[in-house]
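Participant: For reference, this is entry-v1.pdb, and it has PDB, C-alpha atoms.
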```pdb
ATOM      1  CA  MET A   1      -9.293  10.456  19.934  1.00  0.00           C
ATOM      2  CA  HIS A   2     -12.900  10.744  21.133  1.00  0.00           C
ATOM      3  CA  TYR A   3     -13.886   9.234  24.462  1.00  0.00           C
ATOM      4  CA  PRO A   4     -17.394   7.689  24.642  1.00  0.00           C
ATOM      5  CA  HIS A   5     -19.614   9.644  27.023  1.00  0.00           C
ATOM      6  CA  GLN A   6     -20.390   6.594  29.209  1.00  0.00           C
ATOM      7  CA  PHE A   7     -16.728   5.878  29.888  1.00  0.00           C
ATOM      8  CA  CYS A   8     -15.908   9.537  30.517  1.00  0.00           C
ATOM      9  CA  THR A   9     -18.821   9.988  32.881  1.00  0.00           C
ATOM     10  CA  GLY A  10     -17.765   6.865  34.786  1.00  0.00           C
ATOM     11  CA  VAL A  11     -14.303   8.267  35.336  1.00  0.00           C
ATOM     12  CA  ALA A  12     -15.671  11.631  36.372  1.00  0.00           C
ATOM     13  CA  ARG A  13     -18.094  10.120  38.873  1.00  0.00           C
ATOM     14  CA  LEU A  14     -15.345   8.012  40.415  1.00  0.00           C
ATOM     15  CA  LEU A  15     -13.121  11.024  40.847  1.00  0.00           C
ATOM     16  CA  GLY A  16     -15.976  12.745  42.634  1.00  0.00           C
ATOM     17  CA  TRP A  17     -17.177  16.105  41.475  1.00  0.00           C
ATOM     18  CA  ARG A  18     -15.740  17.825  44.522  1.00  0.00           C
ATOM     19  CA  THR A  19     -12.311  16.460  43.638  1.00  0.00           C
ATOM     20  CA  VAL A  20     -12.789  17.262  39.984  1.00  0.00           C
ATOM     21  CA  ARG A  21     -13.575  20.882  40.773  1.00  0.00           C
ATOM     22  CA  ARG A  22     -10.250  21.133  42.587  1.00  0.00           C
ATOM     23  CA  VAL A  23      -8.480  20.062  39.405  1.00  0.00           C
ATOM     24  CA  VAL A  24     -10.608  21.637  36.700  1.00  0.00           C
ATOM     25  CA  ALA A  25     -14.218  22.671  36.277  1.00  0.00           C
ATOM     26  CA  SER A  26     -16.624  19.761  35.738  1.00  0.00           C
ATOM     27  CA  PHE A  27     -17.292  20.782  32.176  1.00  0.00           C
ATOM     28  CA  LEU A  28     -13.612  21.033  31.388  1.00  0.00           C
ATOM     29  CA  LEU A  29     -13.057  17.543  32.809  1.00  0.00           C
ATOM     30  CA  LEU A  30     -15.621  15.988  30.475  1.00  0.00           C
ATOM     31  CA  VAL A  31     -14.432  17.977  27.484  1.00  0.00           C
ATOM     32  CA  SER A  32     -10.793  17.176  28.232  1.00  0.00           C
ATOM     33  CA  LEU A  33     -11.484  13.463  28.645  1.00  0.00           C
ATOM     34  CA  SER A  34     -13.479  13.333  25.446  1.00  0.00           C
ATOM     35  CA  ALA A  35     -10.938  15.286  23.443  1.00  0.00           C
ATOM     36  CA  ALA A  36      -7.482  14.968  24.919  1.00  0.00           C
ATOM     37  CA  GLY A  37      -7.460  13.744  28.519  1.00  0.00           C
ATOM     38  CA  VAL A  38      -7.315  15.724  31.747  1.00  0.00           C
ATOM     39  CA  GLU A  39      -4.705  18.357  32.398  1.00  0.00           C
ATOM     40  CA  LEU A  40      -3.163  17.434  35.697  1.00  0.00           C
ATOM     41  CA  ASN A  41      -1.150  18.663  38.586  1.00  0.00           C
ATOM     42  CA  SER A  42       0.975  16.227  40.598  1.00  0.00           C
ATOM     43  CA  SER A  43      -1.695  15.682  43.260  1.00  0.00           C
ATOM     44  CA  SER A  44      -4.397  14.668  40.787  1.00  0.00           C
ATOM     45  CA  GLU A  45      -2.532  12.308  38.455  1.00  0.00           C
ATOM     46  CA  TYR A  46      -3.080   9.147  40.488  1.00  0.00           C
ATOM     47  CA  GLN A  47      -6.689  10.094  41.186  1.00  0.00           C
ATOM     48  CA  VAL A  48      -7.315  10.007  37.453  1.00  0.00           C
ATOM     49  CA  LYS A  49      -5.267   6.856  36.900  1.00  0.00           C
ATOM     50  CA  ALA A  50      -7.081   5.069  39.749  1.00  0.00           C
ATOM     51  CA  ALA A  51     -10.422   5.938  38.139  1.00  0.00           C
ATOM     52  CA  PHE A  52      -9.213   4.653  34.795  1.00  0.00           C
ATOM     53  CA  LEU A  53      -7.988   1.383  36.330  1.00  0.00           C
ATOM     54  CA  PHE A  54     -11.442   0.728  37.769  1.00  0.00           C
ATOM     55  CA  ASN A  55     -13.093   1.577  34.456  1.00  0.00           C
ATOM     56  CA  PHE A  56     -10.691  -0.660  32.535  1.00  0.00           C
ATOM     57  CA  ALA A  57     -12.075  -3.561  34.584  1.00  0.00           C
ATOM     58  CA  LYS A  58     -15.583  -2.821  33.356  1.00  0.00           C
ATOM     59  CA  TYR A  59     -14.566  -2.761  29.705  1.00  0.00           C
ATOM     60  CA  ILE A  60     -12.510  -5.966  29.562  1.00  0.00           C
ATOM     61  CA  ASP A  61     -13.768  -9.558  29.595  1.00  0.00           C
ATOM     62  CA  TRP A  62     -11.837 -12.035  31.722  1.00  0.00           C
ATOM     63  CA  PRO A  63     -12.132 -15.814  31.201  1.00  0.00           C
ATOM     64  CA  ALA A  64     -14.654 -17.370  33.595  1.00  0.00           C
ATOM     65  CA  GLU A  65     -11.946 -19.433  35.265  1.00  0.00           C
ATOM     66  CA  ALA A  66      -9.923 -16.303  36.009  1.00  0.00           C
ATOM     67  CA  MET A  67     -12.873 -14.589  37.669  1.00  0.00           C
ATOM     68  CA  GLY A  68     -14.002 -17.542  39.776  1.00  0.00           C
ATOM     69  CA  ASP A  69     -17.305 -17.485  41.632  1.00  0.00           C
ATOM     70  CA  ALA A  70     -18.865 -14.457  43.284  1.00  0.00           C
ATOM     71  CA  SER A  71     -17.270 -15.276  46.632  1.00  0.00           C
ATOM     72  CA  GLN A  72     -13.833 -14.478  45.222  1.00  0.00           C
ATOM     73  CA  PRO A  73     -12.754 -10.815  45.142  1.00  0.00           C
ATOM     74  CA  PHE A  74     -11.592  -8.936  42.098  1.00  0.00           C
ATOM     75  CA  ASN A  75      -7.989  -7.999  42.897  1.00  0.00           C
ATOM     76  CA  ILE A  76      -6.513  -4.730  41.684  1.00  0.00           C
ATOM     77  CA  CYS A  77      -2.819  -4.930  42.524  1.00  0.00           C
ATOM     78  CA  PHE A  78      -0.052  -2.391  42.312  1.00  0.00           C
ATOM     79  CA  VAL A  79       3.725  -2.530  42.427  1.00  0.00           C
ATOM     80  CA  GLY A  80       5.819   0.322  43.726  1.00  0.00           C
ATOM     81  CA  ASP A  81       4.661   3.813  44.626  1.00  0.00           C
ATOM     82  CA  LYS A  82       1.976   3.643  47.333  1.00  0.00           C
ATOM     83  CA  SER A  83       0.592   7.015  46.252  1.00  0.00           C
ATOM     84  CA  ILE A  84      -2.064   5.251  44.203  1.00  0.00           C
ATOM     85  CA  SER A  85      -3.273   3.013  47.040  1.00  0.00           C
ATOM     86  CA  GLN A  86      -5.406   5.607  48.826  1.00  0.00           C
ATOM     87  CA  ASP A  87      -6.871   6.838  45.546  1.00  0.00           C
ATOM     88  CA  LEU A  88      -7.743   3.279  44.515  1.00  0.00           C
ATOM     89  CA  GLN A  89      -9.379   2.596  47.870  1.00  0.00           C
ATOM     90  CA  GLN A  90     -11.464   5.739  47.491  1.00  0.00           C
ATOM     91  CA  VAL A  91     -12.473   4.858  43.935  1.00  0.00           C
ATOM     92  CA  VAL A  92     -13.610   1.279  44.667  1.00  0.00           C
ATOM     93  CA  SER A  93     -15.282   1.910  48.029  1.00  0.00           C
ATOM     94  CA  GLY A  94     -18.757   0.383  47.940  1.00  0.00           C
ATOM     95  CA  LYS A  95     -18.358  -0.802  44.334  1.00  0.00           C
ATOM     96  CA  SER A  96     -18.023  -4.188  42.679  1.00  0.00           C
ATOM     97  CA  ILE A  97     -16.942  -5.709  39.373  1.00  0.00           C
ATOM     98  CA  ALA A  98     -19.348  -8.255  37.872  1.00  0.00           C
ATOM     99  CA  ASN A  99     -20.737  -8.930  41.371  1.00  0.00           C
ATOM    100  CA  HIS A 100     -17.264  -9.457  42.813  1.00  0.00           C
ATOM    101  CA  SER A 101     -16.091  -7.344  45.724  1.00  0.00           C
ATOM    102  CA  ILE A 102     -12.871  -5.432  45.029  1.00  0.00           C
ATOM    103  CA  ARG A 103      -9.639  -5.780  46.941  1.00  0.00           C
ATOM    104  CA  ILE A 104      -6.579  -3.542  46.602  1.00  0.00           C
ATOM    105  CA  ILE A 105      -3.278  -5.360  47.074  1.00  0.00           C
ATOM    106  CA  GLN A 106       0.300  -4.118  47.103  1.00  0.00           C
ATOM    107  CA  VAL A 107       2.480  -6.765  45.472  1.00  0.00           C
ATOM    108  CA  HIS A 108       6.094  -7.065  46.579  1.00  0.00           C
ATOM    109  CA  ALA A 109       7.409  -9.901  44.393  1.00  0.00           C
ATOM    110  CA  PRO A 110       6.630 -11.330  40.929  1.00  0.00           C
ATOM    111  CA  GLY A 111       5.632 -14.637  42.502  1.00  0.00           C
ATOM    112  CA  ASP A 112       2.718 -12.908  44.246  1.00  0.00           C
ATOM    113  CA  SER A 113       1.215 -11.443  41.079  1.00  0.00           C
ATOM    114  CA  HIS A 114      -0.790 -14.542  40.143  1.00  0.00           C
ATOM    115  CA  VAL A 115      -3.579 -13.438  42.525  1.00  0.00           C
ATOM    116  CA  CYS A 116      -4.154 -10.237  40.544  1.00  0.00           C
ATOM    117  CA  HIS A 117      -6.757  -9.435  37.932  1.00  0.00           C
ATOM    118  CA  ILE A 118      -5.168  -6.049  37.242  1.00  0.00           C
ATOM    119  CA  LEU A 119      -1.513  -5.334  37.979  1.00  0.00           C
ATOM    120  CA  PHE A 120      -0.416  -1.710  37.865  1.00  0.00           C
ATOM    121  CA  VAL A 121       3.360  -1.239  37.727  1.00  0.00           C
ATOM    122  CA  ALA A 122       4.259   2.259  38.923  1.00  0.00           C
ATOM    123  CA  SER A 123       7.173   4.017  37.277  1.00  0.00           C
ATOM    124  CA  SER A 124       9.128   3.743  40.530  1.00  0.00           C
ATOM    125  CA  SER A 125       9.265  -0.034  39.957  1.00  0.00           C
ATOM    126  CA  SER A 126       9.710  -0.030  36.198  1.00  0.00           C
ATOM    127  CA  ALA A 127      13.082  -1.762  36.537  1.00  0.00           C
ATOM    128  CA  LEU A 128      11.168  -4.842  37.734  1.00  0.00           C
ATOM    129  CA  GLU A 129       8.433  -4.813  35.109  1.00  0.00           C
ATOM    130  CA  ALA A 130      10.139  -7.417  32.901  1.00  0.00           C
ATOM    131  CA  LEU A 131      10.208  -9.857  35.822  1.00  0.00           C
ATOM    132  CA  TYR A 132       6.478  -9.430  36.413  1.00  0.00           C
ATOM    133  CA  ILE A 133       5.586  -9.721  32.726  1.00  0.00           C
ATOM    134  CA  ALA A 134       7.733 -12.837  32.354  1.00  0.00           C
ATOM    135  CA  ARG A 135       6.307 -14.386  35.519  1.00  0.00           C
ATOM    136  CA  LEU A 136       2.734 -13.836  34.398  1.00  0.00           C
ATOM    137  CA  GLY A 137       3.329 -15.294  30.953  1.00  0.00           C
ATOM    138  CA  GLU A 138      -0.091 -16.033  29.441  1.00  0.00           C
ATOM    139  CA  SER A 139      -1.938 -15.607  32.742  1.00  0.00           C
ATOM    140  CA  SER A 140      -5.154 -13.611  32.517  1.00  0.00           C
ATOM    141  CA  VAL A 141      -3.824 -10.554  34.316  1.00  0.00           C
ATOM    142  CA  LEU A 142      -4.269  -7.076  32.873  1.00  0.00           C
ATOM    143  CA  THR A 143      -0.854  -5.450  33.146  1.00  0.00           C
ATOM    144  CA  VAL A 144      -0.871  -1.653  33.218  1.00  0.00           C
ATOM    145  CA  GLY A 145       2.201   0.560  33.281  1.00  0.00           C
ATOM    146  CA  GLU A 146       3.164   4.209  33.094  1.00  0.00           C
ATOM    147  CA  LYS A 147       6.642   4.088  31.601  1.00  0.00           C
ATOM    148  CA  PRO A 148       7.477   4.682  27.917  1.00  0.00           C
ATOM    149  CA  GLY A 149       7.715   1.399  26.011  1.00  0.00           C
ATOM    150  CA  PHE A 150       5.700  -0.670  28.508  1.00  0.00           C
ATOM    151  CA  CYS A 151       3.518  -2.188  25.783  1.00  0.00           C
ATOM    152  CA  ARG A 152       6.528  -2.776  23.560  1.00  0.00           C
ATOM    153  CA  ARG A 153       8.011  -4.817  26.399  1.00  0.00           C
ATOM    154  CA  GLY A 154       4.922  -7.011  26.748  1.00  0.00           C
ATOM    155  CA  GLY A 155       2.505  -4.977  28.883  1.00  0.00           C
ATOM    156  CA  ILE A 156      -1.126  -4.655  27.851  1.00  0.00           C
ATOM    157  CA  ILE A 157      -2.054  -1.040  28.702  1.00  0.00           C
ATOM    158  CA  ASN A 158       0.247   1.897  29.234  1.00  0.00           C
ATOM    159  CA  PHE A 159      -0.536   5.392  30.500  1.00  0.00           C
ATOM    160  CA  TRP A 160       1.306   8.189  28.793  1.00  0.00           C
ATOM    161  CA  MET A 161       1.350  11.921  29.203  1.00  0.00           C
ATOM    162  CA  ASP A 162       0.873  14.396  26.408  1.00  0.00           C
ATOM    163  CA  ALA A 163       1.198  18.076  27.338  1.00  0.00           C
ATOM    164  CA  ASN A 164       0.255  17.213  30.914  1.00  0.00           C
ATOM    165  CA  HIS A 165      -2.783  15.161  29.844  1.00  0.00           C
ATOM    166  CA  VAL A 166      -3.291  11.474  30.689  1.00  0.00           C
ATOM    167  CA  ARG A 167      -3.775   9.194  27.702  1.00  0.00           C
ATOM    168  CA  PHE A 168      -3.355   5.458  27.284  1.00  0.00           C
ATOM    169  CA  GLU A 169      -2.390   2.897  24.701  1.00  0.00           C
ATOM    170  CA  ILE A 170      -3.295  -0.783  24.358  1.00  0.00           C
ATOM    171  CA  SER A 171      -1.498  -3.734  22.820  1.00  0.00           C
ATOM    172  CA  PRO A 172      -4.269  -6.016  21.459  1.00  0.00           C
ATOM    173  CA  LYS A 173      -1.664  -8.750  20.906  1.00  0.00           C
ATOM    174  CA  ALA A 174      -0.620  -8.679  24.542  1.00  0.00           C
ATOM    175  CA  ALA A 175      -4.272  -8.754  25.594  1.00  0.00           C
ATOM    176  CA  GLN A 176      -4.919 -11.745  23.363  1.00  0.00           C
ATOM    177  CA  ARG A 177      -1.892 -13.528  24.799  1.00  0.00           C
ATOM    178  CA  ALA A 178      -3.412 -13.062  28.262  1.00  0.00           C
ATOM    179  CA  HIS A 179      -6.820 -14.308  27.035  1.00  0.00           C
ATOM    180  CA  LEU A 180      -8.396 -10.911  27.758  1.00  0.00           C
ATOM    181  CA  ARG A 181     -10.887  -9.193  25.465  1.00  0.00           C
ATOM    182  CA  PRO A 182     -10.972  -5.394  25.567  1.00  0.00           C
ATOM    183  CA  SER A 183     -14.324  -4.040  24.415  1.00  0.00           C
ATOM    184  CA  SER A 184     -14.585  -2.102  21.181  1.00  0.00           C
ATOM    185  CA  LYS A 185     -15.414   0.991  23.258  1.00  0.00           C
ATOM    186  CA  LEU A 186     -12.174   0.713  25.194  1.00  0.00           C
ATOM    187  CA  LEU A 187     -10.143   0.084  22.048  1.00  0.00           C
ATOM    188  CA  SER A 188     -11.688   3.143  20.447  1.00  0.00           C
ATOM    189  CA  LEU A 189     -10.296   5.287  23.265  1.00  0.00           C
ATOM    190  CA  ALA A 190      -6.745   4.080  22.998  1.00  0.00           C
ATOM    191  CA  ARG A 191      -3.783   4.410  20.744  1.00  0.00           C
ATOM    192  CA  LEU A 192      -3.260   0.839  19.535  1.00  0.00           C
ATOM    193  CA  VAL A 193       0.258  -0.597  19.481  1.00  0.00           C
ATOM    194  CA  GLU A 194       1.524  -3.953  18.326  1.00  0.00           C
ATOM    195  CA  GLY A 195       3.483  -4.910  21.421  1.00  0.00           C
ATOM    196  CA  PRO A 196       6.924  -6.578  21.508  1.00  0.00           C
ATOM    197  CA  SER A 197       7.054  -7.167  17.750  1.00  0.00           C
ATOM    198  CA  ASP A 198       6.205  -3.565  16.915  1.00  0.00           C
ATOM    199  CA  SER A 199       9.290  -2.129  15.219  1.00  0.00           C
ATOM    200  CA  GLY A 200       7.966   1.385  15.650  1.00  0.00           C
ATOM    201  CA  GLY A 201       7.617   1.015  19.401  1.00  0.00           C
ATOM    202  CA  SER A 202       5.232   2.709  21.788  1.00  0.00           C
ATOM    203  CA  GLN A 203       5.546   5.918  23.689  1.00  0.00           C
TER
END
```
Represent the structure of the file as structure tokens.

Facilitator:
Amino acid sequence: MHYPHQFCTGVARLLGWRTVRRVVASFLLLVSLSAAGVELNSSSEYQVKAAFLFNFAKYIDWPAEAMGDASQPFNICFVGDKSISQDLQQVVSGKSIANHSIRIIQVHAPGDSHVCHILFVASSSSALEALYIARLGESSVLTVGEKPGFCRRGGIINFWMDANHVRFEISPKAAQRAHLRPSSKLLSLARLVEGPSDSGGSQ
């Protein structure tokens, strides 16, 4: 898997070079992202995932009706572990998505998820993921998880760890069901899985 330089650099910039140097040297970060992801310790995992979530938004097309006009914020929501909240706030500070300001929202119930553009389901709330996926149905919400089998159960993107490196997979079928169009660049980064009908499953 080879990560396009533009995407990798975007993630690295969002992490902040000072933060990156605390995890690995800047060069190692770029090489690791382009070749096999970033080797992490527990304090850096959500920093990397937060940066990826923001970059996912730039490489996926939402229907115009889902985005609304420029006065409406782009909502990145999360369910469960609040560890990612501070990292997300740091990543999106002063930034926008397609001229929309960005708002970080903690969601507490499936009925609240309709306001989201991206919904990240932390592993601490994985027992509830089926309720959120079912509630969203064909809504244009990018669902992102971090538990094995998330895409097989209907999620669109799933983070997975390989030898302490962050990688991700995408279910194009699930994205199509949600009327979302991942760019070819994003698809080229991911391991592609078939989603709920995939007999082989996802990791």

Participant: Taking all atoms listed in the file into account, which of A:Ala178, A:Ile84, A:Leu119, A:Val48 comes nearest A:Thr143?

Facilitator: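 Of the candidates, the smallest distance to A:Thr143 is held by A:Leu119.
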
Participant: Applied to this file, what does the PyMOL selection byres ((chain A and resi 93) around 12) return in terms of residues, put as a ChimeraX atom specification?

Facilitator: /A:14-15,51,54,86-92,94-97,101-104

Participant: Between atom CA of A:Phe120 and atom CA of A:Asp69, measure the distance and give it in Å to one decimal.

Facilitator: 23.4 Å

Participant: Using all atoms listed in the file, find the one residue out of A:Ala134, A:Glu194, A:Ala57, A:Ala127 that sits nearest to A:Arg152.

Facilitator: A:Glu194

Participant: Nearest to A:Gln176: which of A:Ser140, A:Ser125, A:Ser83, A:Gln47 is it, counting all atoms listed in the file?

Facilitator: A:Ser140

Participant: To one decimal place in Å, what is the distance between atom CA of A:Ala190 and atom CA of A:Ala66?

Facilitator: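 Separation of atom CA of A:Ala190 and atom CA of A:Ala66: 24.4 Å.
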
Participant: Do you know which residues the PyMOL selection byres ((chain A and resi 132) around 9) returns on this file, as a PDB file with C-alpha atoms, in the coordinates of the input?

Facilitator:
```pdb
ATOM      1  CA  ALA A 109       7.409  -9.901  44.393  1.00  0.00           C
ATOM      2  CA  PRO A 110       6.630 -11.330  40.929  1.00  0.00           C
ATOM      3  CA  GLY A 111       5.632 -14.637  42.502  1.00  0.00           C
ATOM      4  CA  SER A 113       1.215 -11.443  41.079  1.00  0.00           C
ATOM      5  CA  VAL A 121       3.360  -1.239  37.727  1.00  0.00           C
ATOM      6  CA  LEU A 128      11.168  -4.842  37.734  1.00  0.00           C
ATOM      7  CA  GLU A 129       8.433  -4.813  35.109  1.00  0.00           C
ATOM      8  CA  ALA A 130      10.139  -7.417  32.901  1.00  0.00           C
ATOM      9  CA  LEU A 131      10.208  -9.857  35.822  1.00  0.00           C
ATOM     10  CA  ILE A 133       5.586  -9.721  32.726  1.00  0.00           C
ATOM     11  CA  ALA A 134       7.733 -12.837  32.354  1.00  0.00           C
ATOM     12  CA  ARG A 135       6.307 -14.386  35.519  1.00  0.00           C
ATOM     13  CA  LEU A 136       2.734 -13.836  34.398  1.00  0.00           C
ATOM     14  CA  GLY A 137       3.329 -15.294  30.953  1.00  0.00           C
ATOM     15  CA  THR A 143      -0.854  -5.450  33.146  1.00  0.00           C
TER      16      THR A 143
END
```

Participant: Any chance you could turn stretch 51-66 of chain A into a file with N, CA and C atoms, as a short mmCIF file (atom, residue, chain, number, x, y, z; two decimals), in the first residue's frame?

Facilitator:
```
data_model
loop_
_atom_site.label_atom_id
_atom_site.label_comp_id
_atom_site.auth_asym_id
_atom_site.auth_seq_id
_atom_site.Cartn_x
_atom_site.Cartn_y
_atom_site.Cartn_z
N ALA A 51 -6.25 13.10 12.76
CA ALA A 51 -5.74 13.69 11.52
C ALA A 51 -6.32 12.96 10.31
N PHE A 52 -6.42 11.66 10.39
CA PHE A 52 -7.01 10.91 9.29
C PHE A 52 -8.49 11.28 9.11
N LEU A 53 -9.24 11.40 10.19
CA LEU A 53 -10.65 11.74 10.07
C LEU A 53 -10.83 13.06 9.32
N PHE A 54 -10.02 14.05 9.66
CA PHE A 54 -10.10 15.33 8.95
C PHE A 54 -9.75 15.15 7.48
N ASN A 55 -8.72 14.38 7.19
CA ASN A 55 -8.33 14.18 5.80
C ASN A 55 -9.34 13.35 5.03
N PHE A 56 -10.01 12.41 5.69
CA PHE A 56 -11.08 11.68 5.01
C PHE A 56 -12.10 12.67 4.44
N ALA A 57 -12.43 13.69 5.22
CA ALA A 57 -13.45 14.66 4.80
C ALA A 57 -13.06 15.37 3.51
N LYS A 58 -11.77 15.54 3.29
CA LYS A 58 -11.30 16.24 2.10
C LYS A 58 -11.25 15.34 0.87
N TYR A 59 -11.36 14.04 1.08
CA TYR A 59 -11.23 13.11 -0.03
C TYR A 59 -12.52 12.33 -0.29
N ILE A 60 -13.63 12.85 0.23
CA ILE A 60 -14.94 12.23 -0.01
C ILE A 60 -15.91 13.32 -0.43
N ASP A 61 -16.74 13.02 -1.43
CA ASP A 61 -17.77 13.96 -1.88
C ASP A 61 -19.09 13.61 -1.23
N TRP A 62 -19.67 14.62 -0.56
CA TRP A 62 -21.01 14.49 0.01
C TRP A 62 -22.02 15.07 -0.96
N PRO A 63 -23.26 14.56 -0.97
CA PRO A 63 -24.31 15.20 -1.79
C PRO A 63 -24.52 16.64 -1.33
N ALA A 64 -24.87 17.51 -2.27
CA ALA A 64 -25.05 18.93 -1.95
C ALA A 64 -26.06 19.13 -0.83
N GLU A 65 -27.12 18.33 -0.84
CA GLU A 65 -28.16 18.51 0.18
C GLU A 65 -27.65 18.12 1.57
N ALA A 66 -26.68 17.23 1.63
CA ALA A 66 -26.13 16.84 2.93
C ALA A 66 -25.21 17.92 3.48
#
```
